[in-house]
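Working notes, beginning with the structure itself.
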Amino acid sequence: MLDPRLFRTRIDEVARQLGRRSFVLDTAAFQDLDGRRKEIQVRTQSLQNERNTRSKAIGQAKLAGEDIQPLLDQIEKLGHELKDAESQLSLLQTSIDDWILGIPNLLDDTVPEGKNEADNVEISRFGDPRVFDFEPKDHVDLGTRLHEMDFEAAAKLASARFVTLQGELAGLQRALIQFMLDTHIREHGYTEVYAPLLVNSQSMRGTGQLPKFEADLFAVKNDPPLYLIPTAEVPVTNLVRDEIVADDRMPLRFVAHTPCFRSEAGSYGKDVRGMIRQHQFEKVELVQIVRPEDSPAAHEELTGHAEAILRKLELPYRKVLLCAGDTGFSSAKTYDLEVWLPGQQKYREISSCSNFRDFQARRMSARWRNPETGKPELVHTLNGSGLAAGRTLIAVMENFQDRDGRIQIPKVLRPYVNGREVIG
RNA sequence: GGAGAGGUGGCUGAGCGGUUGAAAGCGGCGGUCUUGAAAACCGUUGAGGGUUUGUAGCCCUCCCAGGGUUCGAAUCCCUGCCUCUCCGCCA
């Protein structure tokens, strides 16, 4: 969430900034709510003050052995008046909080203008899409030929948009995950985290999935409700919720492999073929908790860590800076990494690396103690996929296929598959 | 699942219903001492918010969360959540 003070002091500037996302800020609604809040808060507090002073006086009178009945009579109707004011105030405060929780983050100055995906700006490319001397198959055909990828079976077990993998393909995905984790832990200095896959609504609120995007989540019958995580970002970032991190522990760098669950209610009809868009997929996620002044550099660095995986796997990709309209709700700035998929003849997102600045930190009350001021201050949070394992699997399959539909194992991966060089 | 105990500031830990936002210790910060450091000693030290030009002053809220009793609740009552101990069960 944004700093509530911004809405009181510079709401027009905020509205203009959010306009870049084509988000329309209802400034009149806020000013109306906040005006009433101000009035009622002042009244409530002065009533509380009166209650406190009078109660104190009663205490002293009693101690002095005086008759307190006249004092009690004076205070009689204060109680109702106060209770009334307090409940009005709390109602208003809740509306204001809800309103603010629905406002997206401010964008970084370097984020380009634009409405959608088409306006994203390519920053760099690595590798050249391979030139095939045959017609490359997509991962669905490759997997089906191997009898190791089955969408019908998964639909029988669960529903559409699930997959089953078997044998060497299942092993290849596991190898990819292990390789990614090892690289981030050994070479990039991350600490591995194992965390709950079901989280409560406070955690979902902390990272920004709730209250606005409940439709994208799977919930589990429980009281209070629990939600299946759509990304490891949620449990891992929320490790610092309601915490004050000591300066000497900063920055925190976490890596976690988890399955991810997404309902994606809005995406039906998109990517219906194959493993691109599933309700359940495996992902290795990078999370950093940093000092505010360090977050821009940490963002570049973290994106580089995700890129390192693609480079080692020798997968052609490009790095894209998302435009204003395509940048996610909680993010101030996002780079997407897009891998080349020969089956689609397209670059497709395989990682999304974002700097959230203090947006999530404020929702979570995640702070550090600034040694210069001695005060707790909001941290900055970042995360990125390093990488989406399901999509990495299909990228490897499609980019490393041969004429017969067999799949070469990228060199760095061979130690993770007992030295095998090819499957199929 | 059964039986107990408990949740208080960065941490440990006191707290008869009435100047207790909270003793004490540790830690932190500032200082004295010292060539420097340590030790010792002195001082200081919670968070969020309102009002305001104000990092001034004044005021409000916060002792797990939510309700309740009361003129007044960290202290009493109810509900929930969490932690610990013992027994049982279990991958």
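Just so we're on the same page: first chain in the structure tokens is A, next is B, and so on; residues restart at 1 for each chain, and ligands are numbered from 1 in the order they show up.
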Pick out the residues sitting within 12 Å of range 2-14 of chain B, and hand them over as a PDB file with N, CA and C atoms (P, O5', C5', C4', C3', O3' and C1' of nucleotides), in the first residue's frame; count only C-alpha atoms (C1' of nucleotides), and ignore anything fewer than 3 positions along from it in its own chain.
ATOM      1  N   GLU A 243       7.974  -7.859  11.575  1.00  0.00           N
ATOM      2  CA  GLU A 243       9.298  -8.035  12.164  1.00  0.00           C
ATOM      3  C   GLU A 243      10.115  -6.756  11.994  1.00  0.00           C
ATOM      4  N   ILE A 244      11.104  -6.611  12.891  1.00  0.00           N
ATOM      5  CA  ILE A 244      12.094  -5.563  12.726  1.00  0.00           C
ATOM      6  C   ILE A 244      13.421  -6.276  12.506  1.00  0.00           C
ATOM      7  N   VAL A 245      13.935  -6.219  11.275  1.00  0.00           N
ATOM      8  CA  VAL A 245      15.147  -6.949  10.927  1.00  0.00           C
ATOM      9  C   VAL A 245      16.365  -6.147  11.383  1.00  0.00           C
ATOM     10  N   ALA A 246      17.295  -6.822  12.066  1.00  0.00           N
ATOM     11  CA  ALA A 246      18.514  -6.135  12.502  1.00  0.00           C
ATOM     12  C   ALA A 246      19.342  -5.743  11.282  1.00  0.00           C
ATOM     13  N   TRP A 368      13.225  -2.528   9.324  1.00  0.00           N
ATOM     14  CA  TRP A 368      14.581  -2.775   9.795  1.00  0.00           C
ATOM     15  C   TRP A 368      14.941  -1.595  10.687  1.00  0.00           C
ATOM     16  N   ARG A 369      15.937  -1.775  11.527  1.00  0.00           N
ATOM     17  CA  ARG A 369      16.349  -0.652  12.365  1.00  0.00           C
ATOM     18  C   ARG A 369      17.502   0.060  11.697  1.00  0.00           C
ATOM     19  N   GLY A 374      18.338   5.146  14.279  1.00  0.00           N
ATOM     20  CA  GLY A 374      17.962   4.356  15.444  1.00  0.00           C
ATOM     21  C   GLY A 374      16.500   3.945  15.431  1.00  0.00           C
ATOM     22  N   LYS A 375      15.780   4.325  14.372  1.00  0.00           N
ATOM     23  CA  LYS A 375      14.335   4.073  14.301  1.00  0.00           C
ATOM     24  C   LYS A 375      14.029   2.906  13.361  1.00  0.00           C
ATOM     25  N   PRO A 376      12.906   2.230  13.606  1.00  0.00           N
ATOM     26  CA  PRO A 376      12.470   1.213  12.647  1.00  0.00           C
ATOM     27  C   PRO A 376      11.933   1.912  11.393  1.00  0.00           C
TER      28      PRO A 376
ATOM     29  P     U B  20       2.278   5.853  38.164  1.00  0.00           P
ATOM     30  O5'   U B  20       2.702   5.081  36.856  1.00  0.00           O
ATOM     31  C5'   U B  20       2.348   5.516  35.544  1.00  0.00           C
ATOM     32  C4'   U B  20       1.755   4.366  34.758  1.00  0.00           C
ATOM     33  C3'   U B  20       0.320   4.057  35.140  1.00  0.00           C
ATOM     34  O3'   U B  20      -0.653   4.569  34.258  1.00  0.00           O
ATOM     35  C1'   U B  20       1.678   2.067  35.078  1.00  0.00           C
ATOM     36  P     G B  21      -0.673   4.943  32.818  1.00  0.00           P
ATOM     37  O5'   G B  21       0.521   4.221  32.014  1.00  0.00           O
ATOM     38  C5'   G B  21       0.941   4.770  30.827  1.00  0.00           C
ATOM     39  C4'   G B  21       2.364   4.377  30.521  1.00  0.00           C
ATOM     40  C3'   G B  21       3.069   5.360  29.575  1.00  0.00           C
ATOM     41  O3'   G B  21       4.457   5.454  29.819  1.00  0.00           O
ATOM     42  C1'   G B  21       3.019   3.214  28.608  1.00  0.00           C
ATOM     43  P     A B  22       4.956   5.385  31.371  1.00  0.00           P
ATOM     44  O5'   A B  22       4.759   3.865  31.827  1.00  0.00           O
ATOM     45  C5'   A B  22       5.869   3.014  31.990  1.00  0.00           C
ATOM     46  C4'   A B  22       5.430   1.823  32.789  1.00  0.00           C
ATOM     47  C3'   A B  22       6.399   0.645  32.721  1.00  0.00           C
ATOM     48  O3'   A B  22       7.342   0.741  33.770  1.00  0.00           O
ATOM     49  C1'   A B  22       4.236  -0.081  32.144  1.00  0.00           C
ATOM     50  P     A B  23       8.877   0.895  33.426  1.00  0.00           P
ATOM     51  O5'   A B  23       9.571   0.438  34.794  1.00  0.00           O
ATOM     52  C5'   A B  23       9.189   1.075  36.012  1.00  0.00           C
ATOM     53  C4'   A B  23       9.546   0.206  37.181  1.00  0.00           C
ATOM     54  C3'   A B  23      10.969  -0.333  37.203  1.00  0.00           C
ATOM     55  O3'   A B  23      11.907   0.639  37.642  1.00  0.00           O
ATOM     56  C1'   A B  23       9.470  -2.053  37.771  1.00  0.00           C
ATOM     57  P     A B  24      13.301   0.740  36.904  1.00  0.00           P
ATOM     58  O5'   A B  24      13.908  -0.716  37.127  1.00  0.00           O
ATOM     59  C5'   A B  24      14.299  -1.141  38.422  1.00  0.00           C
ATOM     60  C4'   A B  24      14.779  -2.577  38.355  1.00  0.00           C
ATOM     61  C3'   A B  24      15.839  -2.844  37.296  1.00  0.00           C
ATOM     62  O3'   A B  24      17.139  -2.478  37.713  1.00  0.00           O
ATOM     63  C1'   A B  24      14.150  -4.480  37.141  1.00  0.00           C
ATOM     64  P     G B  25      18.191  -1.953  36.643  1.00  0.00           P
ATOM     65  O5'   G B  25      18.617  -3.290  35.900  1.00  0.00           O
ATOM     66  C5'   G B  25      19.259  -4.336  36.632  1.00  0.00           C
ATOM     67  C4'   G B  25      19.306  -5.577  35.795  1.00  0.00           C
ATOM     68  C3'   G B  25      19.959  -5.425  34.425  1.00  0.00           C
ATOM     69  O3'   G B  25      21.366  -5.450  34.490  1.00  0.00           O
ATOM     70  C1'   G B  25      17.931  -6.607  34.188  1.00  0.00           C
ATOM     71  P     C B  26      22.236  -4.597  33.468  1.00  0.00           P
ATOM     72  O5'   C B  26      22.036  -5.395  32.109  1.00  0.00           O
ATOM     73  C5'   C B  26      22.492  -6.739  32.001  1.00  0.00           C
ATOM     74  C4'   C B  26      22.016  -7.344  30.708  1.00  0.00           C
ATOM     75  C3'   C B  26      22.400  -6.583  29.452  1.00  0.00           C
ATOM     76  O3'   C B  26      23.744  -6.817  29.062  1.00  0.00           O
ATOM     77  C1'   C B  26      20.131  -7.216  29.323  1.00  0.00           C
ATOM     78  P     G B  27      24.577  -5.608  28.433  1.00  0.00           P
ATOM     79  O5'   G B  27      23.854  -5.373  27.044  1.00  0.00           O
ATOM     80  C5'   G B  27      23.877  -6.379  26.024  1.00  0.00           C
ATOM     81  C4'   G B  27      22.937  -5.997  24.910  1.00  0.00           C
ATOM     82  C3'   G B  27      23.186  -4.635  24.296  1.00  0.00           C
ATOM     83  O3'   G B  27      24.238  -4.661  23.345  1.00  0.00           O
ATOM     84  C1'   G B  27      20.884  -4.874  24.742  1.00  0.00           C
ATOM     85  P     G B  28      25.152  -3.365  23.183  1.00  0.00           P
ATOM     86  O5'   G B  28      24.123  -2.304  22.581  1.00  0.00           O
ATOM     87  C5'   G B  28      23.594  -2.494  21.270  1.00  0.00           C
ATOM     88  C4'   G B  28      22.689  -1.355  20.914  1.00  0.00           C
ATOM     89  C3'   G B  28      23.317   0.027  21.045  1.00  0.00           C
ATOM     90  O3'   G B  28      24.076   0.369  19.902  1.00  0.00           O
ATOM     91  C1'   G B  28      21.190   0.021  22.078  1.00  0.00           C
ATOM     92  P     U B  45      14.475   8.965  27.894  1.00  0.00           P
ATOM     93  O5'   U B  45      14.617   7.750  26.886  1.00  0.00           O
ATOM     94  C5'   U B  45      14.817   7.987  25.496  1.00  0.00           C
ATOM     95  C4'   U B  45      15.089   6.686  24.795  1.00  0.00           C
ATOM     96  C3'   U B  45      14.052   5.606  25.037  1.00  0.00           C
ATOM     97  O3'   U B  45      12.968   5.778  24.159  1.00  0.00           O
ATOM     98  C1'   U B  45      16.240   4.692  25.198  1.00  0.00           C
ATOM     99  P     G B  46      11.488   5.492  24.702  1.00  0.00           P
ATOM    100  O5'   G B  46      10.938   4.316  23.773  1.00  0.00           O
ATOM    101  C5'   G B  46      11.835   3.499  23.042  1.00  0.00           C
ATOM    102  C4'   G B  46      11.036   2.408  22.385  1.00  0.00           C
ATOM    103  C3'   G B  46      10.116   2.903  21.277  1.00  0.00           C
ATOM    104  O3'   G B  46      10.792   3.045  20.056  1.00  0.00           O
ATOM    105  C1'   G B  46       8.916   1.465  22.713  1.00  0.00           C
ATOM    106  P     A B  47      10.259   4.081  18.986  1.00  0.00           P
ATOM    107  O5'   A B  47       8.917   3.403  18.465  1.00  0.00           O
ATOM    108  C5'   A B  47       8.971   2.198  17.710  1.00  0.00           C
ATOM    109  C4'   A B  47       7.575   1.720  17.413  1.00  0.00           C
ATOM    110  C3'   A B  47       6.687   2.696  16.654  1.00  0.00           C
ATOM    111  O3'   A B  47       6.940   2.656  15.262  1.00  0.00           O
ATOM    112  C1'   A B  47       5.486   1.816  18.478  1.00  0.00           C
ATOM    113  P     C B  62      -6.149   1.324  23.914  1.00  0.00           P
ATOM    114  O5'   C B  62      -4.859   0.530  23.419  1.00  0.00           O
ATOM    115  C5'   C B  62      -4.968  -0.403  22.351  1.00  0.00           C
ATOM    116  C4'   C B  62      -3.595  -0.817  21.889  1.00  0.00           C
ATOM    117  C3'   C B  62      -2.702  -1.427  22.966  1.00  0.00           C
ATOM    118  O3'   C B  62      -3.001  -2.791  23.147  1.00  0.00           O
ATOM    119  C1'   C B  62      -1.462   0.122  21.678  1.00  0.00           C
ATOM    120  P     C B  63      -3.072  -3.381  24.643  1.00  0.00           P
ATOM    121  O5'   C B  63      -1.526  -3.688  24.856  1.00  0.00           O
ATOM    122  C5'   C B  63      -0.861  -4.765  24.157  1.00  0.00           C
ATOM    123  C4'   C B  63       0.025  -5.504  25.125  1.00  0.00           C
ATOM    124  C3'   C B  63      -0.711  -6.541  25.962  1.00  0.00           C
ATOM    125  O3'   C B  63      -0.169  -7.810  25.627  1.00  0.00           O
ATOM    126  C1'   C B  63       0.592  -5.084  27.340  1.00  0.00           C
ATOM    127  P     C B  64      -1.043  -9.098  25.679  1.00  0.00           P
ATOM    128  O5'   C B  64      -1.232  -9.348  24.115  1.00  0.00           O
ATOM    129  C5'   C B  64      -0.127  -9.364  23.233  1.00  0.00           C
ATOM    130  C4'   C B  64      -0.535 -10.030  21.938  1.00  0.00           C
ATOM    131  C3'   C B  64      -1.941  -9.660  21.474  1.00  0.00           C
ATOM    132  O3'   C B  64      -1.945  -8.456  20.735  1.00  0.00           O
ATOM    133  C1'   C B  64      -1.671 -12.010  21.425  1.00  0.00           C
ATOM    134  P     A B  65      -3.249  -7.516  20.759  1.00  0.00           P
ATOM    135  O5'   A B  65      -4.293  -8.358  19.909  1.00  0.00           O
ATOM    136  C5'   A B  65      -4.132  -8.501  18.503  1.00  0.00           C
ATOM    137  C4'   A B  65      -5.330  -9.226  17.929  1.00  0.00           C
ATOM    138  C3'   A B  65      -6.678  -8.647  18.334  1.00  0.00           C
ATOM    139  O3'   A B  65      -7.044  -7.567  17.500  1.00  0.00           O
ATOM    140  C1'   A B  65      -6.705 -10.972  18.679  1.00  0.00           C
ATOM    141  P     A B  74      -5.393  -1.121  30.308  1.00  0.00           P
ATOM    142  O5'   A B  74      -4.279  -2.251  30.159  1.00  0.00           O
ATOM    143  C5'   A B  74      -4.351  -3.200  29.114  1.00  0.00           C
ATOM    144  C4'   A B  74      -3.695  -4.492  29.533  1.00  0.00           C
ATOM    145  C3'   A B  74      -4.433  -5.233  30.643  1.00  0.00           C
ATOM    146  O3'   A B  74      -5.414  -6.067  30.087  1.00  0.00           O
ATOM    147  C1'   A B  74      -2.139  -5.036  31.192  1.00  0.00           C
ATOM    148  P     U B  75      -6.522  -6.759  31.032  1.00  0.00           P
ATOM    149  O5'   U B  75      -5.578  -7.529  32.051  1.00  0.00           O
ATOM    150  C5'   U B  75      -6.056  -8.500  32.966  1.00  0.00           C
ATOM    151  C4'   U B  75      -5.455  -8.261  34.323  1.00  0.00           C
ATOM    152  C3'   U B  75      -6.460  -8.309  35.465  1.00  0.00           C
ATOM    153  O3'   U B  75      -6.161  -9.410  36.308  1.00  0.00           O
ATOM    154  C1'   U B  75      -4.995  -6.414  35.646  1.00  0.00           C
ATOM    155  P     C B  81      -9.275 -21.629  17.570  1.00  0.00           P
ATOM    156  O5'   C B  81      -7.961 -20.746  17.352  1.00  0.00           O
ATOM    157  C5'   C B  81      -7.725 -20.108  16.103  1.00  0.00           C
ATOM    158  C4'   C B  81      -6.503 -19.234  16.209  1.00  0.00           C
ATOM    159  C3'   C B  81      -5.238 -19.941  16.684  1.00  0.00           C
ATOM    160  O3'   C B  81      -4.587 -20.627  15.640  1.00  0.00           O
ATOM    161  C1'   C B  81      -5.498 -17.927  17.883  1.00  0.00           C
ATOM    162  P     C B  82      -3.757 -21.965  15.960  1.00  0.00           P
ATOM    163  O5'   C B  82      -2.476 -21.391  16.704  1.00  0.00           O
ATOM    164  C5'   C B  82      -1.552 -20.559  16.003  1.00  0.00           C
ATOM    165  C4'   C B  82      -0.591 -19.945  16.983  1.00  0.00           C
ATOM    166  C3'   C B  82       0.213 -20.928  17.827  1.00  0.00           C
ATOM    167  O3'   C B  82       1.319 -21.463  17.133  1.00  0.00           O
ATOM    168  C1'   C B  82      -0.636 -19.227  19.211  1.00  0.00           C
ATOM    169  P     U B  83       1.923 -22.883  17.559  1.00  0.00           P
ATOM    170  O5'   U B  83       2.699 -22.534  18.895  1.00  0.00           O
ATOM    171  C5'   U B  83       3.852 -21.694  18.876  1.00  0.00           C
ATOM    172  C4'   U B  83       4.341 -21.477  20.282  1.00  0.00           C
ATOM    173  C3'   U B  83       4.626 -22.742  21.073  1.00  0.00           C
ATOM    174  O3'   U B  83       5.904 -23.278  20.766  1.00  0.00           O
ATOM    175  C1'   U B  83       3.372 -21.259  22.402  1.00  0.00           C
ATOM    176  P     C B  84       6.141 -24.858  20.922  1.00  0.00           P
ATOM    177  O5'   C B  84       6.246 -25.040  22.501  1.00  0.00           O
ATOM    178  C5'   C B  84       7.322 -24.449  23.231  1.00  0.00           C
ATOM    179  C4'   C B  84       7.098 -24.620  24.700  1.00  0.00           C
ATOM    180  C3'   C B  84       6.882 -26.055  25.161  1.00  0.00           C
ATOM    181  O3'   C B  84       8.097 -26.749  25.322  1.00  0.00           O
ATOM    182  C1'   C B  84       5.240 -24.670  26.142  1.00  0.00           C
ATOM    183  P     U B  85       8.136 -28.341  25.143  1.00  0.00           P
ATOM    184  O5'   U B  85       7.466 -28.850  26.493  1.00  0.00           O
ATOM    185  C5'   U B  85       8.121 -28.680  27.747  1.00  0.00           C
ATOM    186  C4'   U B  85       7.279 -29.250  28.850  1.00  0.00           C
ATOM    187  C3'   U B  85       6.781 -30.676  28.624  1.00  0.00           C
ATOM    188  O3'   U B  85       7.772 -31.631  28.958  1.00  0.00           O
ATOM    189  C1'   U B  85       4.994 -29.334  29.365  1.00  0.00           C
ATOM    190  P     C B  86       7.789 -33.048  28.193  1.00  0.00           P
ATOM    191  O5'   C B  86       6.551 -33.804  28.843  1.00  0.00           O
ATOM    192  C5'   C B  86       6.602 -34.222  30.204  1.00  0.00           C
ATOM    193  C4'   C B  86       5.261 -34.781  30.626  1.00  0.00           C
ATOM    194  C3'   C B  86       4.714 -35.902  29.748  1.00  0.00           C
ATOM    195  O3'   C B  86       5.307 -37.154  30.028  1.00  0.00           O
ATOM    196  C1'   C B  86       2.995 -34.350  30.191  1.00  0.00           C
ATOM    197  P     C B  87       5.436 -38.240  28.862  1.00  0.00           P
ATOM    198  O5'   C B  87       3.930 -38.712  28.652  1.00  0.00           O
ATOM    199  C5'   C B  87       3.279 -39.487  29.651  1.00  0.00           C
ATOM    200  C4'   C B  87       1.843 -39.735  29.258  1.00  0.00           C
ATOM    201  C3'   C B  87       1.622 -40.403  27.910  1.00  0.00           C
ATOM    202  O3'   C B  87       1.866 -41.796  27.929  1.00  0.00           O
ATOM    203  C1'   C B  87       0.114 -38.609  28.140  1.00  0.00           C
ATOM    204  P     G B  88       2.373 -42.515  26.582  1.00  0.00           P
ATOM    205  O5'   G B  88       1.115 -42.430  25.615  1.00  0.00           O
ATOM    206  C5'   G B  88      -0.070 -43.175  25.906  1.00  0.00           C
ATOM    207  C4'   G B  88      -1.143 -42.846  24.914  1.00  0.00           C
ATOM    208  C3'   G B  88      -0.784 -43.072  23.446  1.00  0.00           C
ATOM    209  O3'   G B  88      -0.924 -44.426  23.071  1.00  0.00           O
ATOM    210  C1'   G B  88      -1.778 -40.953  23.678  1.00  0.00           C
ATOM    211  P     C B  89       0.071 -45.043  21.982  1.00  0.00           P
ATOM    212  O5'   C B  89      -0.397 -44.330  20.638  1.00  0.00           O
ATOM    213  C5'   C B  89      -1.676 -44.619  20.078  1.00  0.00           C
ATOM    214  C4'   C B  89      -1.948 -43.690  18.925  1.00  0.00           C
ATOM    215  C3'   C B  89      -0.925 -43.721  17.795  1.00  0.00           C
ATOM    216  O3'   C B  89      -1.118 -44.807  16.910  1.00  0.00           O
ATOM    217  C1'   C B  89      -1.391 -41.482  18.357  1.00  0.00           C
TER     218        C B  89
END
>> If the cut-off is 10 Å, can you tell me the residues of chain A near chain B, counting only C-alpha atoms (C1' of nucleotides)? I'd like them as a ChimeraX atom specification.
In response: /A:38,41-42,44-49,51-60,62-63,68-69,71-76,78-79,244-246,369,371,374,376
Can you pull out the residues contacting Trp99 in chain A? Cut-off 12 Å, using only C-alpha atoms (C1' of nucleotides), and skip same-chain residues under 2 positions away; I want them as a short mmCIF file (atom, residue, chain, number, x, y, z; two decimals) with N, CA, C and O atoms, in the first residue's frame.
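result-v8.cif, freshly written:
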data_model
loop_
_atom_site.label_atom_id
_atom_site.label_comp_id
_atom_site.auth_asym_id
_atom_site.auth_seq_id
_atom_site.Cartn_x
_atom_site.Cartn_y
_atom_site.Cartn_z
N MET A 1 0.84 -1.19 0.00
CA MET A 1 0.00 0.00 0.00
C MET A 1 0.87 1.24 0.00
O MET A 1 2.02 1.22 0.41
N LEU A 2 0.28 2.31 -0.46
CA LEU A 2 1.00 3.58 -0.47
C LEU A 2 0.85 4.25 0.89
O LEU A 2 -0.07 3.96 1.64
N PRO A 4 -0.40 6.54 3.45
CA PRO A 4 -1.65 7.29 3.53
C PRO A 4 -1.43 8.81 3.53
O PRO A 4 -2.29 9.56 3.06
N PHE A 7 -1.87 10.62 0.22
CA PHE A 7 -3.21 10.94 -0.25
C PHE A 7 -3.71 12.24 0.36
O PHE A 7 -4.54 12.94 -0.21
N LEU A 25 -7.90 7.30 -10.11
CA LEU A 25 -7.97 7.49 -8.66
C LEU A 25 -9.16 8.39 -8.34
O LEU A 25 -9.25 9.51 -8.84
N ASP A 26 -10.06 7.89 -7.52
CA ASP A 26 -11.24 8.67 -7.16
C ASP A 26 -10.89 9.62 -6.01
O ASP A 26 -11.12 9.32 -4.84
N THR A 27 -10.31 10.75 -6.37
CA THR A 27 -9.82 11.67 -5.35
C THR A 27 -10.96 12.26 -4.52
O THR A 27 -10.81 12.49 -3.32
N ALA A 29 -13.75 10.81 -3.66
CA ALA A 29 -14.19 9.83 -2.68
C ALA A 29 -13.28 9.83 -1.47
O ALA A 29 -13.73 9.79 -0.33
N PHE A 30 -11.97 9.90 -1.74
CA PHE A 30 -11.04 9.92 -0.62
C PHE A 30 -11.19 11.16 0.23
O PHE A 30 -11.24 11.10 1.46
N GLN A 31 -11.27 12.30 -0.44
CA GLN A 31 -11.33 13.55 0.32
C GLN A 31 -12.60 13.64 1.16
O GLN A 31 -12.58 14.17 2.27
N LEU A 33 -14.21 10.95 2.44
CA LEU A 33 -14.00 10.03 3.56
C LEU A 33 -13.04 10.60 4.59
O LEU A 33 -13.29 10.56 5.79
N ASP A 34 -11.94 11.15 4.09
CA ASP A 34 -10.91 11.61 5.01
C ASP A 34 -11.35 12.86 5.76
O ASP A 34 -10.98 13.06 6.92
N LEU A 92 -15.31 4.34 9.52
CA LEU A 92 -14.68 5.20 8.52
C LEU A 92 -13.26 4.76 8.24
O LEU A 92 -12.82 4.71 7.08
N GLN A 93 -12.54 4.43 9.29
CA GLN A 93 -11.15 4.03 9.14
C GLN A 93 -11.04 2.78 8.29
O GLN A 93 -10.17 2.66 7.44
N THR A 94 -11.98 1.84 8.51
CA THR A 94 -11.98 0.61 7.70
C THR A 94 -12.23 0.93 6.23
O THR A 94 -11.57 0.37 5.35
N SER A 95 -13.17 1.82 5.96
CA SER A 95 -13.43 2.16 4.55
C SER A 95 -12.20 2.78 3.91
O SER A 95 -11.88 2.51 2.75
N ILE A 96 -11.53 3.64 4.67
CA ILE A 96 -10.34 4.30 4.12
C ILE A 96 -9.24 3.27 3.88
O ILE A 96 -8.61 3.27 2.82
N ASP A 97 -9.04 2.36 4.83
CA ASP A 97 -8.03 1.31 4.66
C ASP A 97 -8.33 0.45 3.44
O ASP A 97 -7.44 0.15 2.64
N LEU A 101 -5.99 -0.05 0.19
CA LEU A 101 -5.48 -1.38 -0.17
C LEU A 101 -5.75 -1.73 -1.63
O LEU A 101 -5.10 -2.60 -2.19
N GLY A 102 -6.71 -1.04 -2.23
CA GLY A 102 -7.04 -1.30 -3.63
C GLY A 102 -6.27 -0.44 -4.61
O GLY A 102 -6.49 -0.53 -5.82
N ILE A 103 -5.37 0.41 -4.10
CA ILE A 103 -4.60 1.31 -4.97
C ILE A 103 -3.25 0.66 -5.30
O ILE A 103 -2.53 0.24 -4.41
N PRO A 104 -2.89 0.60 -6.60
CA PRO A 104 -1.61 -0.03 -6.98
C PRO A 104 -0.41 0.83 -6.61
O PRO A 104 -0.56 2.01 -6.26
N PRO A 211 -6.79 -7.72 -0.93
CA PRO A 211 -8.13 -8.25 -1.19
C PRO A 211 -8.51 -8.27 -2.67
O PRO A 211 -9.56 -8.80 -3.03
N LYS A 212 -7.68 -7.72 -3.54
CA LYS A 212 -8.14 -7.44 -4.90
C LYS A 212 -8.18 -8.64 -5.83
O LYS A 212 -8.94 -8.65 -6.80
#
>> Applying 12 Å and only C-alpha atoms (C1' of nucleotides), which residues near Glu187 in chain A remain after dropping the ones on its own chain fewer than 6 positions away? List them as a PyMOL selection string.
In response: chain A and resi 179-181+304-306+308-309
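Pairwise distance (CA of Gln178 in chain A, CA of Val417 in chain A) equals 10.4 Å.
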Per residue of range 211-275 of chain A within 9 Å of range 145-162 of chain A, which atom pair is closest and at what distance in Å (one decimal), using only C-alpha atoms, listed by chain and increasing number, as a tab-separated table?
residue	atom	partner	partner_atom	distance
A:Val272	CA	A:Arg161	CA	7.6
A:Arg273	CA	A:Arg161	CA	8.8
A:Gly274	CA	A:Phe151	CA	7.8
A:Met275	CA	A:Arg161	CA	7.8
>> For the structure I just gave you, how does DSSP split range 231-315 of chain A - specifically, which residues are strand (DSSP E or B)? Reply as a count of residues only.
In response: 23
> Which one of A:Val290, A:Ala389, A:Val24, A:Ala366 sits closest to Asp247 in chain A if you count only C-alpha atoms?
Replying inline: A:Val290
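Each of A:Asn238, A:Asn370, A:Asn383, A:Ser330 was checked against Leu106 in chain A using only C-alpha atoms; the smallest atom-to-atom distance is that of A:Ser330.
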> Hey, what's within 12 Å of Asp242 in chain A if we count only C-alpha atoms (C1' of nucleotides) and toss same-chain stuff fewer than 6 positions away? As a VMD selection string, please?
Replying inline: (chain A and resid 202 to 203 206 360 to 368 376 to 379) or (chain B and resid 47)
> Could you pull out all residues of range 151-257 of chain A with a DSSP call of alpha helix (DSSP H) and give them as a PyMOL selection string?
Replying inline: chain A and resi 151-157+167-186+201-207+233-237
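What separates CA of Thr373 in chain A from CA of Arg291 in chain A is a distance of 13.3 Å.
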> Leaving out His188 in chain A and any residue of its chain fewer than 2 positions from it, which residues lie within 12 Å of it when counting only C-alpha atoms (C1' of nucleotides), given as a VMD selection string?
Replying inline: chain A and resid 180 to 186 190 to 192 253 to 255 286 288 301 to 309 386
Set the distance at 7 Å and use only C-alpha atoms (C1' of nucleotides): which residues neighbour Ala232 in chain A once local chain neighbours fewer than 6 positions away are removed? I'd like the list as a PDB file with N, CA and C atoms, in the first residue's frame.
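Writing done, so here's selection.pdb:
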ATOM      1  N   ALA A 256      13.510 -20.361  -2.785  1.00  0.00           N
ATOM      2  CA  ALA A 256      12.616 -21.447  -2.399  1.00  0.00           C
ATOM      3  C   ALA A 256      12.067 -22.118  -3.645  1.00  0.00           C
ATOM      4  N   THR A 258       8.885 -24.262  -4.783  1.00  0.00           N
ATOM      5  CA  THR A 258       7.556 -24.713  -4.362  1.00  0.00           C
ATOM      6  C   THR A 258       6.706 -24.975  -5.599  1.00  0.00           C
ATOM      7  N   GLU A 285      11.916 -19.586  -6.671  1.00  0.00           N
ATOM      8  CA  GLU A 285      11.680 -18.157  -6.492  1.00  0.00           C
ATOM      9  C   GLU A 285      12.801 -17.501  -5.684  1.00  0.00           C
TER      10      GLU A 285
END
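Between CA of Leu252 in chain A and CA of Leu107 in chain A there is a distance of 23.7 Å.
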